[in-house]
Amino acid sequence: MKSNVQARGIPRAVSGRIFPLFLIAFAMMIAMSARAVAAEYAALVMDARNGKVLHATNADTRLHPASLTKMMTLYIAFEAIEHGEISLDDEVTISRNAAAEPPSKLGLKPGQKIKLRYLIRAAAVKSANDAATAIGEAIEGSEAAFARRMNRTAKALGMSRTTFKNANGLTEEGHLSTARDMSVLGRHLFYDYPDYYNLFSRTTADAGVRMVSHTNTRFLTSYEGADGIKTGYTSASGYNLTASAHRGSERIITTVFGGRSGAARNAKVAELMDLGFKRAPSRVAVVKPGKPPYLGKVGGDTVMVAGNQDAPATASKIIRVSTRMSTSPWPKMRPTQALAPETEELLLAASDDVMSALAKAEQDAALLAAANDAAAEAATLLAETARAQASEMPEVTPTLAPATAPVVAQAVVPTVAPLPRPATLQLASIEPASAIAAEPAVSTPEVVTRLSTSGNRYWGINIGTYGSEYEARKNLLRTALTEVEMLDGALRKVVRTKRGFDANFLGMTEDMAALTCRRLEARGTDCNTIGPS
């Protein structure tokens with residue numbers, strides 16, 4: 001039985017040659033189709049220190065940013081944390097919308113609770129889509145509201161050709177950005193939130209439910225000085241990367257859109273990084289980008305002063321004052337709430353106590369004033385009486401005696417005759433005792449002595465020598481407080497010597513000095529007795 005090919009008059013050999021040609025043509029059509037839909041390439045190289053562009057290719061072409069979008073999601077998360085909208089330890093409940101996001105994802109379940117810090121790590125390191133969506137919903141209540149805040153923030157940062165539709169970067173119509181805008185965003189992340197920037201250089205991180213690895217560990221570990229920032233990939237965007245690296249004082253930010261593979265993208269970024277370090281001057285003044293004003297939540301009532309043209313009109317209520325106001329109405333009184341009966345009774349009781357205390361204080365003040373008035377009247381009366389008595393006394397004219405014999409008023413003092421001087425006194429002598437003994441004794445001498453009031457307190461103690469007078473006085477005081485019983489009457493004295501400043505206690509008896517030293521040494525304090533000199 002002949003085959004259908006032979007029946008139609010087509011030789012078998014010819015048909016065998018046509019089929020391979022058909023396959024080749026089909027493959028070429030597929031390749032051409034793929035090339036037609038391949039993502040467009042764009043790149044920008046920037047000196048992060050001053051924002052100067054060192055290289056650009058299609059830098060302002062609007063393309064799909066993919067997961068580079070998460071840089072904006074994290075920027076807003078850092079802003080919200082800084083201004084108290086949310087904290088790192090707040091528990092976020094995962095919605096069905098967030099849990100349903102496609103990979104890359106953390107694998108969160110609807111209703112699951114997880115701390116915000118773990119969502120941030122998952123979004124920054126693993127580029128988890130479910131974590132990014134959960135962050136946006138936690139801050140603004142819905143992903144749509146969060147996207148509006150993303151667009152508002154983008155305009156404030158100067159990202160004029162960027163439009164966001166979601167928090168994770170999955171392909172969506174109108175969700176577009178540029179290599180220039182993403183480089184600007186990466187620079188703001190570095191300068192505006194330096195405390196969080198280290199997240200982007202972590203090769204692994206604890207995301208709460210499990211450990212996660214960085215999506216571009218190969219580039220971070222292979223390129224010298226690389227410390228971030230974010231990768232991105234979808235079929236529509238190709239392989240994207242915004243990277244940052246530093247060498248000494250130089251820092252370069254490079255963004256590439258539309259890489260054909262992860263390896264090709266990394267190689268291109270490394271090439272552009274090298275170009276940037278070659279073109280960037282080693283010394284340049286650092287000009288940090290201006291941090292945009294905080295505008296709060298999208299649905300908030302933040303009021304801006306006219307003149308900030310960078311803020312969009314939909315971002316907040318804007319009051320523009322172009323002329324002088326003709327009237328200034330008084331604000332309405334704050335509404336009051338009725339108090340509970342128990343609270344009102346407590347307030348009335350407290351009010352009665354206050355009023356009674358005020359009345360008592362006024363009464364005391366009145367009594368004190370009356371007493372002062374009486375004392376003043378008594379003083380005045382005494383003064384007038386003294387003046388009247390002085391006026392009634394006869395006038396006395398003093399009589400002067402001759403100049404040679406002045407009259408001096410003398411008080412009557414009882415006369416006491418001094419004791420007679422002893423006939424013989426024993427005086428101090430420098431002669432040897434033998435010479436004194438050789439002299440004949442005429443009579444028994446009388447020795448005159450003086451009683452001492454020192455109580456034999458010629459001794460003291462030394463507790464150390466210190467490098468400064470302050471240290472010596474400080475240790476004297478500390479020791480005096482430690483041994484109050486023994487050192488209560490002693491004199492604290494600092495003596496400067498060649499070795500330093502001696503800390504001494506003086507005015508002690510020998511027994512007191514010895515006992516005090518024994519007590520101090522038992523406490524571990526050095527102590528030496530000082531004898532009379």
# chains A, B, ... in the order shown; residues from 1 in each chain; ligands from 1
$ residues_around --residues "Thr242 in chain A" --least-positions-apart "2" --cutoff "8 Å" --atoms "only C-alpha atoms" --output "list in words"
Leu68, Met182, Ser183, Gly186, Gly228, Ile229, Lys230, Thr231, Asn240, Ser244, Ile253, Thr254, Thr255 and Val256 of chain A
$ write_last_selection --atoms "N, CA, C and O atoms" --output "short mmCIF file (atom, residue, chain, number, x, y, z; two decimals), in the first residue's frame"
data_model
loop_
_atom_site.label_atom_id
_atom_site.label_comp_id
_atom_site.auth_asym_id
_atom_site.auth_seq_id
_atom_site.Cartn_x
_atom_site.Cartn_y
_atom_site.Cartn_z
N LEU A 68 12.70 46.29 41.55
CA LEU A 68 13.31 47.54 41.98
C LEU A 68 12.27 48.41 42.68
O LEU A 68 12.60 49.30 43.46
N MET A 182 15.41 55.31 39.26
CA MET A 182 15.78 54.29 40.23
C MET A 182 17.15 54.57 40.85
O MET A 182 17.39 54.25 42.01
N SER A 183 18.04 55.19 40.09
CA SER A 183 19.33 55.59 40.66
C SER A 183 19.13 56.69 41.71
O SER A 183 19.78 56.69 42.76
N GLY A 186 17.80 55.01 44.81
CA GLY A 186 18.86 54.31 45.53
C GLY A 186 19.75 55.26 46.30
O GLY A 186 20.16 54.97 47.43
N GLY A 228 24.95 46.54 47.96
CA GLY A 228 23.51 46.63 47.67
C GLY A 228 23.31 46.95 46.20
O GLY A 228 24.26 46.90 45.41
N ILE A 229 22.11 47.23 45.69
CA ILE A 229 20.98 47.52 46.57
C ILE A 229 19.84 46.51 46.29
O ILE A 229 19.42 45.80 47.18
N LYS A 230 19.33 46.44 45.03
CA LYS A 230 18.14 45.64 44.76
C LYS A 230 18.16 45.10 43.34
O LYS A 230 18.52 45.79 42.39
N THR A 231 17.70 43.84 43.25
CA THR A 231 17.52 43.19 41.95
C THR A 231 16.05 43.21 41.56
O THR A 231 15.17 43.50 42.37
N ASN A 240 16.93 43.24 35.95
CA ASN A 240 17.25 44.60 36.37
C ASN A 240 18.11 44.57 37.64
O ASN A 240 18.07 43.63 38.43
N SER A 244 25.16 49.46 44.30
CA SER A 244 26.00 50.50 44.89
C SER A 244 27.29 49.86 45.37
O SER A 244 27.28 48.75 45.92
N ILE A 253 26.76 54.50 42.09
CA ILE A 253 25.47 53.83 41.97
C ILE A 253 25.23 53.57 40.48
O ILE A 253 25.34 54.49 39.66
N THR A 254 24.90 52.32 40.14
CA THR A 254 24.66 51.93 38.75
C THR A 254 23.33 51.22 38.65
O THR A 254 23.03 50.35 39.48
N THR A 255 22.54 51.56 37.66
CA THR A 255 21.26 50.91 37.40
C THR A 255 21.25 50.38 35.97
O THR A 255 21.62 51.09 35.03
N VAL A 256 20.85 49.12 35.83
CA VAL A 256 20.72 48.49 34.51
C VAL A 256 19.33 47.90 34.39
O VAL A 256 18.86 47.20 35.30
#
$ residues_around --residues "range 208-218 of chain A" --least-positions-apart "3" --cutoff "9 Å" --atoms "only C-alpha atoms" --output "PDB file with N, CA, C and O atoms, in the first residue's frame"
ATOM      1  N   LEU A 106       7.568  34.691  50.591  1.00  0.00           N
ATOM      2  CA  LEU A 106       7.965  34.094  51.858  1.00  0.00           C
ATOM      3  C   LEU A 106       7.083  32.916  52.220  1.00  0.00           C
ATOM      4  O   LEU A 106       7.444  32.095  53.036  1.00  0.00           O
ATOM      5  N   GLY A 107       5.913  32.825  51.600  1.00  0.00           N
ATOM      6  CA  GLY A 107       4.989  31.734  51.875  1.00  0.00           C
ATOM      7  C   GLY A 107       4.071  32.005  53.048  1.00  0.00           C
ATOM      8  O   GLY A 107       3.710  31.089  53.792  1.00  0.00           O
ATOM      9  N   LEU A 108       3.667  33.261  53.224  1.00  0.00           N
ATOM     10  CA  LEU A 108       2.797  33.623  54.338  1.00  0.00           C
ATOM     11  C   LEU A 108       1.360  33.189  54.063  1.00  0.00           C
ATOM     12  O   LEU A 108       0.919  33.150  52.912  1.00  0.00           O
ATOM     13  N   ILE A 114       2.866  38.418  61.792  1.00  0.00           N
ATOM     14  CA  ILE A 114       4.323  38.453  61.717  1.00  0.00           C
ATOM     15  C   ILE A 114       4.775  39.886  61.957  1.00  0.00           C
ATOM     16  O   ILE A 114       4.104  40.843  61.556  1.00  0.00           O
ATOM     17  N   LYS A 115       5.901  40.047  62.638  1.00  0.00           N
ATOM     18  CA  LYS A 115       6.395  41.379  62.950  1.00  0.00           C
ATOM     19  C   LYS A 115       6.873  42.098  61.683  1.00  0.00           C
ATOM     20  O   LYS A 115       7.375  41.477  60.753  1.00  0.00           O
ATOM     21  N   ARG A 117       9.441  43.909  61.224  1.00  0.00           N
ATOM     22  CA  ARG A 117      10.876  43.800  60.954  1.00  0.00           C
ATOM     23  C   ARG A 117      11.189  42.601  60.058  1.00  0.00           C
ATOM     24  O   ARG A 117      12.086  42.662  59.221  1.00  0.00           O
ATOM     25  N   TYR A 118      10.426  41.503  60.220  1.00  0.00           N
ATOM     26  CA  TYR A 118      10.674  40.318  59.397  1.00  0.00           C
ATOM     27  C   TYR A 118      10.185  40.524  57.969  1.00  0.00           C
ATOM     28  O   TYR A 118      10.791  40.030  57.012  1.00  0.00           O
ATOM     29  N   LEU A 119       9.088  41.254  57.820  1.00  0.00           N
ATOM     30  CA  LEU A 119       8.604  41.568  56.466  1.00  0.00           C
ATOM     31  C   LEU A 119       9.608  42.443  55.727  1.00  0.00           C
ATOM     32  O   LEU A 119       9.856  42.252  54.527  1.00  0.00           O
ATOM     33  N   ARG A 121      12.875  42.555  56.200  1.00  0.00           N
ATOM     34  CA  ARG A 121      14.032  41.731  55.828  1.00  0.00           C
ATOM     35  C   ARG A 121      13.710  40.859  54.616  1.00  0.00           C
ATOM     36  O   ARG A 121      14.542  40.719  53.707  1.00  0.00           O
ATOM     37  N   ALA A 122      12.516  40.283  54.616  1.00  0.00           N
ATOM     38  CA  ALA A 122      12.145  39.412  53.500  1.00  0.00           C
ATOM     39  C   ALA A 122      12.055  40.190  52.195  1.00  0.00           C
ATOM     40  O   ALA A 122      12.454  39.709  51.137  1.00  0.00           O
ATOM     41  N   ALA A 124      13.643  43.091  51.484  1.00  0.00           N
ATOM     42  CA  ALA A 124      14.934  43.643  51.096  1.00  0.00           C
ATOM     43  C   ALA A 124      15.907  42.572  50.630  1.00  0.00           C
ATOM     44  O   ALA A 124      16.645  42.782  49.665  1.00  0.00           O
ATOM     45  N   VAL A 125      15.915  41.412  51.280  1.00  0.00           N
ATOM     46  CA  VAL A 125      16.922  40.381  50.997  1.00  0.00           C
ATOM     47  C   VAL A 125      16.406  39.367  49.981  1.00  0.00           C
ATOM     48  O   VAL A 125      17.050  39.105  48.971  1.00  0.00           O
ATOM     49  N   LYS A 126      15.233  38.810  50.236  1.00  0.00           N
ATOM     50  CA  LYS A 126      14.702  37.773  49.347  1.00  0.00           C
ATOM     51  C   LYS A 126      13.855  38.339  48.223  1.00  0.00           C
ATOM     52  O   LYS A 126      13.551  37.647  47.247  1.00  0.00           O
ATOM     53  N   SER A 127      13.446  39.610  48.336  1.00  0.00           N
ATOM     54  CA  SER A 127      12.553  40.235  47.361  1.00  0.00           C
ATOM     55  C   SER A 127      11.195  39.540  47.347  1.00  0.00           C
ATOM     56  O   SER A 127      10.592  39.322  46.292  1.00  0.00           O
ATOM     57  N   PHE A 200      20.492  45.904  52.793  1.00  0.00           N
ATOM     58  CA  PHE A 200      20.658  45.550  51.386  1.00  0.00           C
ATOM     59  C   PHE A 200      21.986  44.829  51.105  1.00  0.00           C
ATOM     60  O   PHE A 200      22.186  44.333  50.008  1.00  0.00           O
ATOM     61  N   SER A 201      22.872  44.796  52.088  1.00  0.00           N
ATOM     62  CA  SER A 201      24.144  44.098  51.895  1.00  0.00           C
ATOM     63  C   SER A 201      24.174  42.741  52.581  1.00  0.00           C
ATOM     64  O   SER A 201      25.183  42.039  52.505  1.00  0.00           O
ATOM     65  N   ARG A 202      23.105  42.361  53.252  1.00  0.00           N
ATOM     66  CA  ARG A 202      23.079  41.076  53.944  1.00  0.00           C
ATOM     67  C   ARG A 202      22.878  39.940  52.937  1.00  0.00           C
ATOM     68  O   ARG A 202      21.944  39.985  52.135  1.00  0.00           O
ATOM     69  N   THR A 203      23.731  38.949  53.029  1.00  0.00           N
ATOM     70  CA  THR A 203      23.567  37.794  52.136  1.00  0.00           C
ATOM     71  C   THR A 203      22.513  36.836  52.660  1.00  0.00           C
ATOM     72  O   THR A 203      21.903  36.100  51.882  1.00  0.00           O
ATOM     73  N   THR A 204      22.269  36.840  53.970  1.00  0.00           N
ATOM     74  CA  THR A 204      21.199  36.053  54.584  1.00  0.00           C
ATOM     75  C   THR A 204      20.533  36.896  55.658  1.00  0.00           C
ATOM     76  O   THR A 204      21.126  37.859  56.158  1.00  0.00           O
ATOM     77  N   ALA A 205      19.316  36.508  56.015  1.00  0.00           N
ATOM     78  CA  ALA A 205      18.590  37.241  57.053  1.00  0.00           C
ATOM     79  C   ALA A 205      17.531  36.337  57.674  1.00  0.00           C
ATOM     80  O   ALA A 205      17.013  35.426  57.020  1.00  0.00           O
ATOM     81  N   THR A 221      29.273  39.339  46.619  1.00  0.00           N
ATOM     82  CA  THR A 221      30.492  38.694  47.093  1.00  0.00           C
ATOM     83  C   THR A 221      31.637  38.741  46.081  1.00  0.00           C
ATOM     84  O   THR A 221      32.782  38.475  46.446  1.00  0.00           O
ATOM     85  N   SER A 222      31.322  39.080  44.821  1.00  0.00           N
ATOM     86  CA  SER A 222      32.370  39.035  43.797  1.00  0.00           C
ATOM     87  C   SER A 222      32.897  40.407  43.413  1.00  0.00           C
ATOM     88  O   SER A 222      34.062  40.526  43.025  1.00  0.00           O
ATOM     89  N   TYR A 223      32.058  41.449  43.537  1.00  0.00           N
ATOM     90  CA  TYR A 223      32.526  42.770  43.120  1.00  0.00           C
ATOM     91  C   TYR A 223      33.036  43.540  44.339  1.00  0.00           C
ATOM     92  O   TYR A 223      32.336  43.684  45.355  1.00  0.00           O
ATOM     93  N   GLY A 228      24.947  46.545  47.960  1.00  0.00           N
ATOM     94  CA  GLY A 228      23.507  46.630  47.673  1.00  0.00           C
ATOM     95  C   GLY A 228      23.311  46.951  46.196  1.00  0.00           C
ATOM     96  O   GLY A 228      24.261  46.900  45.415  1.00  0.00           O
ATOM     97  N   LYS A 230      19.335  46.436  45.025  1.00  0.00           N
ATOM     98  CA  LYS A 230      18.142  45.644  44.761  1.00  0.00           C
ATOM     99  C   LYS A 230      18.156  45.096  43.342  1.00  0.00           C
ATOM    100  O   LYS A 230      18.522  45.787  42.391  1.00  0.00           O
ATOM    101  N   THR A 231      17.697  43.835  43.249  1.00  0.00           N
ATOM    102  CA  THR A 231      17.522  43.187  41.947  1.00  0.00           C
ATOM    103  C   THR A 231      16.052  43.214  41.557  1.00  0.00           C
ATOM    104  O   THR A 231      15.174  43.502  42.373  1.00  0.00           O
ATOM    105  N   GLY A 232      15.797  42.884  40.278  1.00  0.00           N
ATOM    106  CA  GLY A 232      14.422  42.771  39.808  1.00  0.00           C
ATOM    107  C   GLY A 232      14.360  41.944  38.538  1.00  0.00           C
ATOM    108  O   GLY A 232      15.259  42.018  37.694  1.00  0.00           O
ATOM    109  N   GLY A 262      20.810  36.807  34.474  1.00  0.00           N
ATOM    110  CA  GLY A 262      21.398  37.320  35.702  1.00  0.00           C
ATOM    111  C   GLY A 262      22.896  37.493  35.573  1.00  0.00           C
ATOM    112  O   GLY A 262      23.464  38.505  36.020  1.00  0.00           O
ATOM    113  N   ASN A 266      24.897  41.075  35.726  1.00  0.00           N
ATOM    114  CA  ASN A 266      25.954  41.325  36.704  1.00  0.00           C
ATOM    115  C   ASN A 266      27.255  41.746  36.017  1.00  0.00           C
ATOM    116  O   ASN A 266      27.965  42.636  36.496  1.00  0.00           O
TER     117      ASN A 266
END
$ residues_around --residues "His55 in chain A" --least-positions-apart "6" --cutoff "9 Å" --atoms "only C-alpha atoms" --output "ChimeraX atom specification"
/A:43-46,272,275-276
$ closest_residue --among "A:Asn504, A:Val184, A:Ala270, A:Glu250" --to "Ala285 in chain A" --atoms "only C-alpha atoms"
A:Glu250
$ residues_around --residues "Asn58 in chain A" --least-positions-apart "6" --cutoff "8 Å" --atoms "only C-alpha atoms" --output "tab-separated table (two decimals) with C-alpha atoms, in the first residue's frame"
chain	number	residue	atom	x	y	z
A	41	TYR	CA	18.20	48.00	27.63
A	42	ALA	CA	18.83	51.11	29.71
A	43	ALA	CA	21.62	52.10	32.08
A	179	ALA	CA	17.11	53.99	35.11
$ residues_around --residues "Arg247 in chain A" --least-positions-apart "6" --cutoff "9 Å" --atoms "only C-alpha atoms" --output "PyMOL selection string"
chain A and resi 224-225+277
$ residues_around --residues "Phe78 in chain A" --least-positions-apart "6" --cutoff "10 Å" --atoms "only C-alpha atoms" --output "list of chain:residue names"
A:Met72, A:Ile86, A:Ser87, A:Leu88, A:Ile120, A:Leu189, A:Asp192, A:Tyr193, A:Asp195, A:Tyr196
$ write_last_selection --atoms "N, CA and C atoms" --output "PDB file, in the first residue's frame"
ATOM      1  N   MET A  72      11.203  51.585  46.828  1.00  0.00           N
ATOM      2  CA  MET A  72      10.259  52.607  47.260  1.00  0.00           C
ATOM      3  C   MET A  72       9.394  52.100  48.409  1.00  0.00           C
ATOM      4  N   ILE A  86       4.189  53.380  62.603  1.00  0.00           N
ATOM      5  CA  ILE A  86       4.256  51.950  62.852  1.00  0.00           C
ATOM      6  C   ILE A  86       5.631  51.668  63.441  1.00  0.00           C
ATOM      7  N   SER A  87       5.777  50.548  64.130  1.00  0.00           N
ATOM      8  CA  SER A  87       7.074  50.202  64.710  1.00  0.00           C
ATOM      9  C   SER A  87       7.539  48.851  64.176  1.00  0.00           C
ATOM     10  N   LEU A  88       8.822  48.594  64.315  1.00  0.00           N
ATOM     11  CA  LEU A  88       9.393  47.349  63.814  1.00  0.00           C
ATOM     12  C   LEU A  88       8.797  46.125  64.489  1.00  0.00           C
ATOM     13  N   ILE A 120      10.207  43.400  56.436  1.00  0.00           N
ATOM     14  CA  ILE A 120      11.200  44.272  55.809  1.00  0.00           C
ATOM     15  C   ILE A 120      12.414  43.469  55.361  1.00  0.00           C
ATOM     16  N   LEU A 189      17.905  56.358  49.443  1.00  0.00           N
ATOM     17  CA  LEU A 189      17.921  55.300  50.450  1.00  0.00           C
ATOM     18  C   LEU A 189      19.218  55.337  51.250  1.00  0.00           C
ATOM     19  N   ASP A 192      19.237  59.122  53.123  1.00  0.00           N
ATOM     20  CA  ASP A 192      18.108  59.479  53.984  1.00  0.00           C
ATOM     21  C   ASP A 192      17.922  58.511  55.145  1.00  0.00           C
ATOM     22  N   TYR A 193      18.241  57.236  54.942  1.00  0.00           N
ATOM     23  CA  TYR A 193      18.040  56.229  55.996  1.00  0.00           C
ATOM     24  C   TYR A 193      19.279  55.340  56.119  1.00  0.00           C
ATOM     25  N   ASP A 195      20.742  54.192  58.682  1.00  0.00           N
ATOM     26  CA  ASP A 195      20.662  53.156  59.715  1.00  0.00           C
ATOM     27  C   ASP A 195      20.052  51.862  59.187  1.00  0.00           C
ATOM     28  N   TYR A 196      19.273  51.949  58.115  1.00  0.00           N
ATOM     29  CA  TYR A 196      18.627  50.763  57.559  1.00  0.00           C
ATOM     30  C   TYR A 196      19.329  50.245  56.305  1.00  0.00           C
TER      31      TYR A 196
END
$ closest_residue --among "A:Ala243, A:Ala472, A:Ala236, A:Asp47" --to "Glu173 in chain A" --atoms "only C-alpha atoms"
A:Ala236
$ residues_around --residues "range 479-482 of chain A" --least-positions-apart "6" --cutoff "10 Å" --atoms "only C-alpha atoms" --output "count of residues only"
11
$ atom_distance --atom1 "CA of Pro281 in chain A" --atom2 "CA of Val269 in chain A"
19.6 Å
$ select_by_dssp --residues "range 145-316 of chain A" --states "alpha helix (DSSP H)" --output "ChimeraX atom specification"
/A:145-157,179-192,194-197,217-222,262-279
